[in-house]
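Student: Provided below: structure-v5.txt, containing compact mmCIF, C-alpha atoms (C1' of nucleotides).
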```
# COMPACT_ATOMS: atom_id res chain seq x y z
CA MET P 1038 164.33 70.69 85.92
CA SER P 1039 160.76 71.84 85.83
CA LYS P 1040 159.62 74.88 83.91
CA ARG P 1041 158.79 77.94 85.94
CA ALA P 1042 155.11 77.99 86.92
CA ALA P 1043 152.65 80.37 88.54
CA PRO P 1044 152.64 79.97 92.33
CA GLU P 1045 149.03 78.81 92.53
CA ALA P 1046 149.57 76.28 89.75
CA ARG P 1047 152.68 74.90 91.43
CA ARG P 1048 150.91 74.74 94.78
CA ALA P 1049 148.06 72.81 93.17
CA GLU P 1050 150.52 70.37 91.61
CA LEU P 1051 152.21 69.78 94.95
CA ILE P 1052 148.86 69.23 96.65
CA ALA P 1053 147.84 66.73 93.98
CA ALA P 1054 151.16 64.94 94.32
CA THR P 1055 150.75 64.79 98.10
CA ALA P 1056 147.30 63.24 97.71
CA ARG P 1057 148.73 60.64 95.35
CA VAL P 1058 151.56 59.81 97.75
CA LEU P 1059 149.27 59.58 100.78
CA ALA P 1060 146.94 57.27 98.86
CA ALA P 1061 149.75 55.04 97.63
CA ARG P 1062 152.08 54.95 100.61
CA GLY P 1063 150.22 56.31 103.61
CA ALA P 1064 151.39 58.87 106.12
CA ALA P 1065 154.75 57.17 106.52
CA GLY P 1066 155.61 57.76 102.88
CA ALA P 1067 154.68 61.43 102.79
CA SER P 1068 158.22 62.78 102.94
CA VAL P 1069 159.40 65.94 101.26
CA ARG P 1070 161.60 64.01 98.88
CA VAL P 1071 158.94 61.50 97.84
CA ILE P 1072 156.28 64.17 97.32
CA ALA P 1073 158.64 66.37 95.34
CA ALA P 1074 159.65 63.43 93.16
CA ALA P 1075 155.97 62.61 92.55
CA ALA P 1076 155.42 66.20 91.44
CA GLY P 1077 158.57 66.16 89.30
CA VAL P 1078 160.22 69.04 91.13
CA SER P 1079 163.02 69.52 93.61
CA PRO P 1080 162.48 68.99 97.36
CA GLY P 1081 163.28 72.60 98.15
CA LEU P 1082 160.08 73.72 96.46
CA VAL P 1083 157.97 72.35 99.28
CA THR P 1084 159.67 74.59 101.77
CA HIS P 1085 159.52 77.48 99.33
CA HIS P 1086 155.79 77.28 98.64
CA PHE P 1087 154.43 75.90 101.90
CA GLY P 1088 157.11 76.52 104.50
CA GLY P 1089 157.22 72.86 105.50
CA VAL P 1090 155.65 69.45 104.94
CA GLU P 1091 153.09 69.89 107.70
CA ARG P 1092 151.52 72.90 106.03
CA LEU P 1093 151.43 71.08 102.68
CA VAL P 1094 149.58 68.13 104.21
CA GLU P 1095 147.08 70.47 105.84
CA ALA P 1096 146.39 72.09 102.49
CA THR P 1097 145.99 68.63 100.96
CA TYR P 1098 143.44 67.69 103.63
CA ASP P 1099 141.33 70.73 102.84
CA HIS P 1100 141.56 69.98 99.13
CA VAL P 1101 140.63 66.30 99.42
CA ALA P 1102 137.78 67.08 101.82
CA ALA P 1103 136.43 69.61 99.32
CA ARG P 1104 136.59 67.03 96.53
CA VAL P 1105 134.67 64.55 98.67
CA GLY P 1106 132.07 67.20 99.35
CA ASP P 1107 131.82 67.88 95.63
CA ALA P 1108 131.21 64.19 94.90
CA LEU P 1109 128.44 64.05 97.50
CA GLU P 1110 126.79 67.18 96.09
CA ALA P 1111 127.01 65.79 92.58
CA ALA P 1112 125.17 62.68 93.73
CA VAL P 1113 122.45 64.80 95.31
CA ALA P 1114 122.09 66.91 92.17
CA ALA P 1115 121.76 63.77 90.03
CA ALA P 1116 119.07 62.32 92.29
CA GLY P 1117 116.25 64.57 91.09
CA GLU P 1118 113.87 66.51 93.25
CA SER P 1119 112.40 63.98 95.66
CA PRO P 1120 113.69 64.84 99.14
CA ARG P 1121 113.88 61.16 100.10
CA ALA P 1122 115.86 60.32 96.98
CA ARG P 1123 118.23 63.24 97.56
CA LEU P 1124 118.89 62.15 101.15
CA ALA P 1125 119.47 58.54 100.09
CA ALA P 1126 121.78 59.65 97.28
CA TYR P 1127 123.86 61.71 99.70
CA CYS P 1128 124.36 58.67 101.92
CA ASP P 1129 124.77 56.06 99.20
CA ALA P 1130 127.43 58.08 97.39
CA SER P 1131 129.87 56.99 100.08
CA PHE P 1132 129.63 53.40 98.86
CA ALA P 1133 130.47 54.09 95.22
CA PRO P 1134 133.50 55.54 93.45
CA PRO P 1135 135.21 57.89 93.86
CA ILE P 1136 134.52 57.80 97.61
CA ALA P 1137 134.44 54.06 98.24
CA ASP P 1138 138.07 53.67 97.26
CA PRO P 1139 140.80 52.02 99.32
CA ALA P 1140 143.18 54.73 98.13
CA LEU P 1141 140.91 57.43 99.56
CA LEU P 1142 140.64 55.49 102.81
CA ALA P 1143 144.43 55.35 102.98
CA THR P 1144 144.53 59.11 102.49
CA TRP P 1145 141.92 59.64 105.17
CA ILE P 1146 143.66 57.40 107.69
CA ALA P 1147 146.85 59.31 107.05
CA PHE P 1148 145.00 62.53 107.87
CA TRP P 1149 143.61 61.04 111.07
CA SER P 1150 147.01 59.84 112.15
CA LEU P 1151 148.59 63.20 111.41
CA ALA P 1152 145.76 64.99 113.20
CA GLN P 1153 146.86 63.34 116.44
CA GLY P 1154 149.73 65.77 116.76
CA SER P 1155 148.54 68.81 114.83
CA ALA P 1156 146.03 71.29 116.17
CA ALA P 1157 145.50 72.68 112.66
CA MET P 1158 144.61 69.25 111.24
CA GLN P 1159 142.30 68.57 114.16
CA ALA P 1160 140.50 71.86 113.60
CA SER P 1161 140.13 71.07 109.90
CA HIS P 1162 138.60 67.71 110.75
CA VAL P 1163 136.09 69.19 113.19
CA ARG P 1164 135.10 71.82 110.64
CA HIS P 1165 134.72 69.29 107.84
CA TYR P 1166 132.58 66.86 109.83
CA ALA P 1167 130.41 69.62 111.23
CA GLY P 1168 129.73 70.69 107.64
CA TYR P 1169 128.92 67.11 106.70
CA ARG P 1170 126.39 66.81 109.52
CA ALA P 1171 124.92 70.24 108.80
CA ARG P 1172 124.29 69.26 105.18
CA LEU P 1173 122.62 66.09 106.40
CA GLU P 1174 120.38 68.06 108.75
CA VAL P 1175 119.19 70.19 105.84
CA LEU P 1176 118.41 67.12 103.72
CA LEU P 1177 116.57 65.57 106.69
CA GLY P 1178 114.58 68.76 107.13
CA GLU P 1179 113.50 68.69 103.48
CA THR P 1180 112.07 65.22 103.98
CA GLY P 1181 109.87 66.56 106.75
CA VAL P 1182 111.80 65.51 109.85
CA GLU P 1183 110.97 67.76 112.80
CA ALA P 1184 113.71 70.23 113.69
CA ASP P 1185 114.39 68.90 117.17
CA ARG P 1186 115.13 65.37 115.94
CA ARG P 1187 117.42 66.34 113.08
CA ARG P 1188 120.64 66.74 115.04
CA LEU P 1189 120.80 63.27 116.59
CA LEU P 1190 119.59 61.67 113.38
CA ALA P 1191 122.40 63.39 111.50
CA VAL P 1192 124.89 62.22 114.12
CA GLY P 1193 123.70 58.66 113.74
CA LEU P 1194 123.57 58.73 109.95
CA THR P 1195 127.06 60.18 109.72
CA ALA P 1196 128.40 57.53 112.05
CA LEU P 1197 126.60 54.71 110.26
CA VAL P 1198 127.70 55.78 106.80
CA ASP P 1199 131.26 56.43 107.96
CA GLY P 1200 131.48 53.12 109.76
CA LEU P 1201 130.17 51.25 106.73
CA TRP P 1202 132.50 53.14 104.41
CA LEU P 1203 135.48 52.42 106.63
CA GLU P 1204 134.82 48.71 106.87
CA LEU P 1205 133.87 48.44 103.21
CA CYS P 1206 137.33 49.73 102.27
CA LEU P 1207 139.25 48.01 105.09
CA SER P 1208 137.73 44.51 104.85
CA PRO P 1209 136.31 44.41 101.32
CA GLY P 1210 135.08 40.87 101.71
CA ALA P 1211 132.92 41.39 104.79
CA PHE P 1212 129.91 42.84 102.97
CA SER P 1213 129.06 44.47 99.65
CA ALA P 1214 128.25 48.04 98.68
CA ALA P 1215 124.70 46.95 97.94
CA GLU P 1216 124.39 45.57 101.47
CA ALA P 1217 125.74 48.84 102.87
CA ARG P 1218 123.04 50.70 100.95
CA ALA P 1219 120.44 48.29 102.30
CA VAL P 1220 121.58 48.91 105.87
CA VAL P 1221 121.29 52.67 105.40
CA ALA P 1222 117.90 52.26 103.76
CA GLY P 1223 116.75 50.28 106.79
CA TYR P 1224 117.94 53.05 109.08
CA LEU P 1225 116.21 55.72 107.01
CA ALA P 1226 113.00 53.68 106.93
CA GLY P 1227 112.81 53.97 110.70
CA VAL P 1228 112.92 57.78 110.55
CA MET U 730 170.79 47.90 132.20
CA SER U 731 167.72 45.83 132.79
CA LYS U 732 167.77 42.60 134.79
CA ARG U 733 167.52 39.42 132.82
CA ALA U 734 163.93 38.31 132.35
CA ALA U 735 162.04 35.33 131.01
CA PRO U 736 161.37 35.67 127.27
CA GLU U 737 157.56 35.77 127.61
CA ALA U 738 157.79 38.39 130.36
CA ARG U 739 160.12 40.55 128.30
CA ARG U 740 157.92 40.17 125.26
CA ALA U 741 154.90 41.27 127.29
CA GLU U 742 156.80 44.32 128.56
CA LEU U 743 157.76 45.30 125.03
CA ILE U 744 154.19 44.89 123.83
CA ALA U 745 152.90 47.05 126.68
CA ALA U 746 155.53 49.68 125.92
CA THR U 747 154.57 49.66 122.25
CA ALA U 748 150.92 50.21 123.15
CA ARG U 749 151.90 53.16 125.35
CA VAL U 750 154.04 54.69 122.61
CA LEU U 751 151.36 54.23 119.93
CA ALA U 752 148.78 55.85 122.20
CA ALA U 753 151.01 58.78 123.09
CA ARG U 754 152.80 59.47 119.81
CA GLY U 755 150.97 57.59 117.06
CA ALA U 756 152.43 55.42 114.36
CA ALA U 757 155.12 57.97 113.54
CA GLY U 758 156.59 57.71 117.04
CA ALA U 759 156.74 53.93 117.15
CA SER U 760 160.45 53.60 116.46
CA VAL U 761 162.66 50.89 117.89
CA ARG U 762 164.57 53.39 120.00
CA VAL U 763 161.49 55.08 121.47
CA ILE U 764 159.77 51.79 122.26
CA ALA U 765 162.90 50.35 123.85
CA ALA U 766 163.36 53.48 125.94
CA ALA U 767 159.72 53.27 127.08
CA ALA U 768 160.34 49.68 128.16
CA GLY U 769 163.61 50.60 129.83
CA VAL U 770 165.71 48.27 127.71
CA SER U 771 168.18 48.56 124.87
CA PRO U 772 167.00 48.88 121.24
CA GLY U 773 168.65 45.64 120.28
CA LEU U 774 166.14 43.68 122.35
CA VAL U 775 163.35 44.38 119.89
CA THR U 776 165.24 42.67 117.11
CA HIS U 777 166.24 39.88 119.45
CA HIS U 778 162.73 39.03 120.67
CA PHE U 779 160.59 39.95 117.68
CA GLY U 780 162.95 40.07 114.74
CA GLY U 781 161.90 43.60 113.80
CA VAL U 782 159.53 46.43 114.66
CA GLU U 783 156.85 45.26 112.28
CA ARG U 784 156.41 41.97 114.10
CA LEU U 785 156.29 43.74 117.46
CA VAL U 786 153.51 46.04 116.27
CA GLU U 787 151.54 43.09 114.94
CA ALA U 788 151.80 41.38 118.34
CA THR U 789 150.69 44.62 119.98
CA TYR U 790 147.64 44.79 117.72
CA ASP U 791 146.57 41.30 118.73
CA HIS U 792 147.09 42.15 122.38
CA VAL U 793 145.16 45.43 122.32
CA ALA U 794 142.33 43.86 120.32
CA ALA U 795 142.07 41.12 122.93
CA ARG U 796 141.93 43.69 125.72
CA VAL U 797 139.11 45.53 123.93
CA GLY U 798 137.25 42.25 123.57
CA ASP U 799 137.73 41.62 127.28
CA ALA U 800 136.25 45.01 128.15
CA LEU U 801 133.22 44.33 125.96
CA GLU U 802 132.68 40.90 127.51
CA ALA U 803 133.00 42.37 131.00
CA ALA U 804 130.25 44.85 130.18
CA VAL U 805 128.01 42.04 128.95
CA ALA U 806 128.68 39.98 132.06
CA ALA U 807 127.81 42.94 134.28
CA ALA U 808 124.55 43.56 132.47
CA GLY U 809 122.65 40.66 134.00
CA GLU U 810 120.61 38.11 132.14
CA SER U 811 118.18 40.09 130.02
CA PRO U 812 119.17 39.56 126.38
CA ARG U 813 118.19 43.13 125.48
CA ALA U 814 120.29 44.54 128.32
CA ARG U 815 123.26 42.37 127.35
CA LEU U 816 123.08 43.52 123.73
CA ALA U 817 122.80 47.16 124.76
CA ALA U 818 125.70 46.77 127.20
CA TYR U 819 127.89 45.31 124.47
CA CYS U 820 127.25 48.33 122.26
CA ASP U 821 127.31 51.02 124.95
CA ALA U 822 130.65 49.83 126.33
CA SER U 823 132.30 51.47 123.33
CA PHE U 824 131.26 54.89 124.65
CA ALA U 825 132.76 54.53 128.13
CA PRO U 826 136.28 53.98 129.42
CA PRO U 827 138.48 52.18 128.73
CA ILE U 828 137.30 52.01 125.11
CA ALA U 829 136.10 55.58 124.58
CA ASP U 830 139.59 56.95 125.07
CA PRO U 831 141.46 59.24 122.65
CA ALA U 832 144.62 57.30 123.45
CA LEU U 833 142.99 54.06 122.30
CA LEU U 834 141.77 55.79 119.16
CA ALA U 835 145.33 56.94 118.48
CA THR U 836 146.49 53.36 118.87
CA TRP U 837 143.79 52.10 116.57
CA ILE U 838 144.48 54.68 113.88
CA ALA U 839 148.13 53.70 114.03
CA PHE U 840 147.12 50.10 113.41
CA TRP U 841 144.95 51.08 110.47
CA SER U 842 147.71 53.14 108.95
CA LEU U 843 150.23 50.34 109.37
CA ALA U 844 147.75 47.82 107.97
CA GLN U 845 147.88 49.64 104.63
CA GLY U 846 151.23 48.06 103.85
CA SER U 847 151.22 44.86 105.90
CA ALA U 848 149.31 41.78 104.89
CA ALA U 849 149.67 40.37 108.41
CA MET U 850 148.10 43.45 110.01
CA GLN U 851 145.30 43.42 107.45
CA ALA U 852 144.57 39.78 108.20
CA SER U 853 144.50 40.53 111.93
CA HIS U 854 142.02 43.32 111.36
CA VAL U 855 139.71 41.18 109.26
CA ARG U 856 139.82 38.43 111.87
CA HIS U 857 139.17 40.82 114.75
CA TYR U 858 136.21 42.54 113.13
CA ALA U 859 134.70 39.27 111.98
CA GLY U 860 134.82 38.12 115.61
CA TYR U 861 133.20 41.36 116.71
CA ARG U 862 130.33 40.91 114.28
CA ALA U 863 129.95 37.22 115.13
CA ARG U 864 129.57 38.06 118.82
CA LEU U 865 126.97 40.65 117.93
CA GLU U 866 125.04 38.11 115.88
CA VAL U 867 124.90 35.78 118.89
CA LEU U 868 123.61 38.56 121.14
CA LEU U 869 121.04 39.50 118.50
CA GLY U 870 119.94 35.89 118.27
CA GLU U 871 119.41 35.74 122.03
CA THR U 872 117.02 38.68 121.82
CA GLY U 873 114.92 36.71 119.37
CA VAL U 874 116.01 38.19 116.04
CA GLU U 875 115.44 35.74 113.19
CA ALA U 876 118.59 34.10 111.90
CA ASP U 877 118.40 35.50 108.36
CA ARG U 878 118.29 39.12 109.55
CA ARG U 879 121.17 38.88 112.02
CA ARG U 880 124.05 39.31 109.65
CA LEU U 881 123.06 42.67 108.14
CA LEU U 882 121.91 43.94 111.51
CA ALA U 883 125.32 43.09 112.95
CA VAL U 884 127.03 44.83 110.04
CA GLY U 885 124.95 47.94 110.64
CA LEU U 886 125.40 47.91 114.41
CA THR U 887 129.14 47.46 114.12
CA ALA U 888 129.38 50.33 111.68
CA LEU U 889 127.13 52.58 113.75
CA VAL U 890 128.97 51.93 117.02
CA ASP U 891 132.35 52.25 115.35
CA GLY U 892 131.42 55.47 113.61
CA LEU U 893 130.09 56.96 116.83
CA TRP U 894 133.16 55.81 118.76
CA LEU U 895 135.48 57.27 116.16
CA GLU U 896 133.83 60.65 116.07
CA LEU U 897 133.36 60.72 119.85
CA CYS U 898 137.12 60.45 120.27
CA LEU U 899 138.09 62.57 117.25
CA SER U 900 135.74 65.52 117.77
CA PRO U 901 134.85 65.30 121.46
CA GLY U 902 132.65 68.40 121.31
CA ALA U 903 130.31 67.25 118.56
CA PHE U 904 128.10 65.05 120.75
CA SER U 905 128.20 63.31 124.13
CA ALA U 906 128.53 59.68 125.13
CA ALA U 907 124.94 59.79 126.38
CA GLU U 908 123.80 60.97 122.97
CA ALA U 909 125.76 58.17 121.32
CA ARG U 910 123.96 55.67 123.57
CA ALA U 911 120.63 57.26 122.64
CA VAL U 912 121.40 56.90 118.93
CA VAL U 913 122.21 53.22 119.37
CA ALA U 914 119.08 52.72 121.48
CA GLY U 915 117.04 54.27 118.68
CA TYR U 916 118.59 51.88 116.19
CA LEU U 917 117.96 48.88 118.44
CA ALA U 918 114.36 49.96 119.02
CA GLY U 919 113.73 49.57 115.30
CA VAL U 920 114.90 45.93 115.37
C1' DG Y 1471 182.74 24.93 140.36
C1' DT Y 1472 182.82 24.72 135.33
C1' DG Y 1473 181.02 25.14 130.77
C1' DA Y 1474 177.25 26.07 127.76
C1' DT Y 1475 173.29 28.71 126.79
C1' DT Y 1476 171.13 32.90 125.96
C1' DG Y 1477 169.23 37.40 127.48
C1' DT Y 1478 171.21 41.99 127.05
C1' DT Y 1479 173.99 45.89 125.90
C1' DG Y 1480 176.58 49.33 123.13
C1' DC Y 1481 178.20 50.58 118.94
C1' DA Y 1482 178.68 51.04 114.03
C1' DC Y 1483 176.84 51.31 109.59
C1' DG Y 1484 174.16 52.99 105.60
C1' DA Y 1485 169.94 55.20 104.47
C1' DA Y 1486 166.38 58.56 104.79
C1' DC Y 1487 164.60 62.36 107.10
C1' DG Y 1488 163.49 68.12 107.17
C1' DT Y 1489 165.26 72.23 106.13
C1' DA Y 1490 168.55 76.18 105.42
C1' DT Y 1491 171.27 78.32 101.95
C1' DA Y 1492 173.64 79.88 97.88
C1' DA Y 1493 173.73 79.75 93.02
C1' DC Y 1494 171.10 79.63 88.81
C1' DA Y 1495 167.44 80.85 85.48
C1' DA Y 1496 163.15 82.50 83.88
C1' DC Y 1497 160.07 86.21 83.73
C1' DC Y 1498 158.47 91.11 84.27
C1' DT Y 1499 159.27 96.10 84.23
C1' DC Y 1500 161.01 99.85 82.26
C1' DG E 409 168.26 95.01 76.34
C1' DA E 410 169.31 96.04 81.31
C1' DG E 411 168.05 95.25 85.98
C1' DG E 412 165.25 93.50 89.51
C1' DT E 413 162.12 89.94 91.18
C1' DT E 414 161.33 85.37 92.24
C1' DG E 415 160.58 80.46 90.97
C1' DT E 416 163.82 76.56 91.04
C1' DT E 417 167.74 73.53 91.82
C1' DA E 418 171.62 71.41 94.13
C1' DT E 419 174.18 70.84 98.00
C1' DA E 420 175.14 70.43 102.85
C1' DC E 421 174.17 69.77 107.65
C1' DG E 422 172.52 67.53 111.71
C1' DT E 423 169.17 64.15 113.29
C1' DT E 424 166.84 59.89 113.38
C1' DC E 425 165.83 55.69 111.45
C1' DG E 426 166.35 49.93 111.44
C1' DT E 427 169.39 46.47 112.09
C1' DG E 428 173.68 43.57 112.29
C1' DC E 429 177.39 42.32 115.35
C1' DA E 430 180.74 41.55 118.95
C1' DA E 431 181.18 41.64 123.76
C1' DC E 432 179.23 41.11 128.34
C1' DA E 433 176.60 38.85 132.04
C1' DA E 434 173.18 36.09 134.16
C1' DT E 435 171.26 31.67 134.46
C1' DC E 436 171.15 26.66 133.97
C1' DA E 437 172.96 21.83 133.42
C1' DC E 438 176.06 18.80 135.17
```
Would you mind writing the file's structure down as structure tokens?
Tutor:
Amino acid sequence: MSKRAAPEARRAELIAATARVLAARGAAGASVRVIAAAAGVSPGLVTHHFGGVERLVEATYDHVAARVGDALEAAVAAAGESPRARLAAYCDASFAPPIADPALLATWIAFWSLAQGSAAMQASHVRHYAGYRARLEVLLGETGVEADRRRLLAVGLTALVDGLWLELCLSPGAFSAAEARAVVAGYLAGV
Amino acid sequence: MSKRAAPEARRAELIAATARVLAARGAAGASVRVIAAAAGVSPGLVTHHFGGVERLVEATYDHVAARVGDALEAAVAAAGESPRARLAAYCDASFAPPIADPALLATWIAFWSLAQGSAAMQASHVRHYAGYRARLEVLLGETGVEADRRRLLAVGLTALVDGLWLELCLSPGAFSAAEARAVVAGYLAGV
DNA sequence: GTGATTGTTGCACGAACGTATAACAACCTC
DNA sequence: GAGGTTGTTATACGTTCGTGCAACAATCAC
């Protein structure tokens, strides 16, 4: 049996275990028993702390999305002060670890598939992607793009980067990360 | 009980039922019993004709992918003879029915999630997307794009269209189909 | 018609699922 | 240290899962 832990600490452990299970076994493997075993606790704890598996997966989505956002921000911060370099870094970060990772794709696909039947998951997705596009609009603005063109450019950039990321993880042999960066660079050159 | 049917006809019915179930309930709902009920037959028939659910889902993937390809080709055929118009039609078809359909997205996400653990599904995906890109390279060639630029352009176009399609179905309020077409037109203008 | 083939059903089986509940144990308060 | 609070476990219950199997029935060969 596991030692008694503070509620927030135990919740964090369960969220981390859920992320591991989703990455390793997909949505189909995210059962109460498997998650609890991955966290080294008894299945009843999931109900106790989250009131059900669904709520735990929602919390995991928010956590993973925040981590992805952190990785993107870290790339921007490391890119220096040139607005063009910061924008490129934000996009290119999707083609390098820890984001370009088949395990993260598996997690993400699991979220998408679970969002089909859950209004809460769907709302989380809409919020997350809106934030992603909003950040991109700011970076575009700093490079001097006029305000009325930013929105559609952000829509296109998000779609392009996401599509490349998806296929990079799903069919690793089709093209390389360097080629993905080159494609994005070509798109940004036309801005 | 269902009347006796020819094997190919029964197989086709089961595949169609699987597609309906995947669209309506996602990968989680694609159980032998639910699929058989949707087809109006007994659960044992799935084992009898396909040897297991996994094989049935694989066959459904191939069938749905072929239908999507048909829809894209129909759009090209309806676009006339101008190479530019044919290329644009091939891309824009992803933002109109029957492809821009949340039910099709649900089906596709189910395939992705099942591909995580099935080598056969993964191989089908790689084959399907390679065909998609190859068709795009031909259409690009017909518009006069030099041969050595076609491959990366096709990679980018596929990713852009896929990303837009995904987000169009997943967050319907974020942007419109017309805006998606405008984004693609902007990308093609830079070619 | 008769027999063989095979599509089809209904059931049974073991396993895994989510969750409710009661008992246990660790910690905090006083 | 005694008592209350609450994190934790173990068990139990009903449901659903995939599939193997024996029986039934429709079709075909002859």
Student: Report, in Å to a single decimal, how far apart atom CA of Ala1103 of chain P and atom CA of Val912 of chain U are.
Tutor: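 These atoms are spaced 27.8 Å apart.
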Student: Could you please select, counting all atoms listed in the file, the residues of chain E within 10 Å of chain U and state them as a PyMOL selection string?
Tutor: chain E and resi 424-428+433-435
Student: Could you write out as a ChimeraX atom specification the residues of chain Y within 8 Å of chain U, counting all atoms listed in the file?
Tutor: /Y:1477-1479
Student: Set the cut-off to 8 Å and count all atoms listed in the file: what are the residues of chain P that reach chain U? Output as a PyMOL selection string.
Tutor: chain P and resi 1062-1065+1143+1146-1147+1149-1150+1153-1154+1159+1162-1163+1167+1189-1190+1192-1193+1195-1201+1204+1207-1208+1211-1212+1216-1217+1220-1221+1224+1227
Student: Rank P:Glu1050, P:Asp1107, P:Glu1179, P:Asp1099 by their smallest atom-to-atom distance to Arg1123 of chain P, using only C-alpha atoms, and report the top residue only.
Tutor: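 Going through P:Glu1050, P:Asp1107, P:Glu1179, P:Asp1099 one by one, the smallest distance to Arg1123 of chain P is for P:Glu1179.
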Student: Enter the distance from atom CA of Thr1055 of chain P to atom CA of Ala1075 of chain P, in Å, rounded to one decimal.
Tutor: 7.9 Å
Student: At what distance in Å, to one decimal, does atom CA of Arg749 of chain U lie from atom CA of Val763 of chain U?
Tutor: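 One can read the atom CA of Val763 of chain U to atom CA of Arg749 of chain U distance as 10.5 Å.
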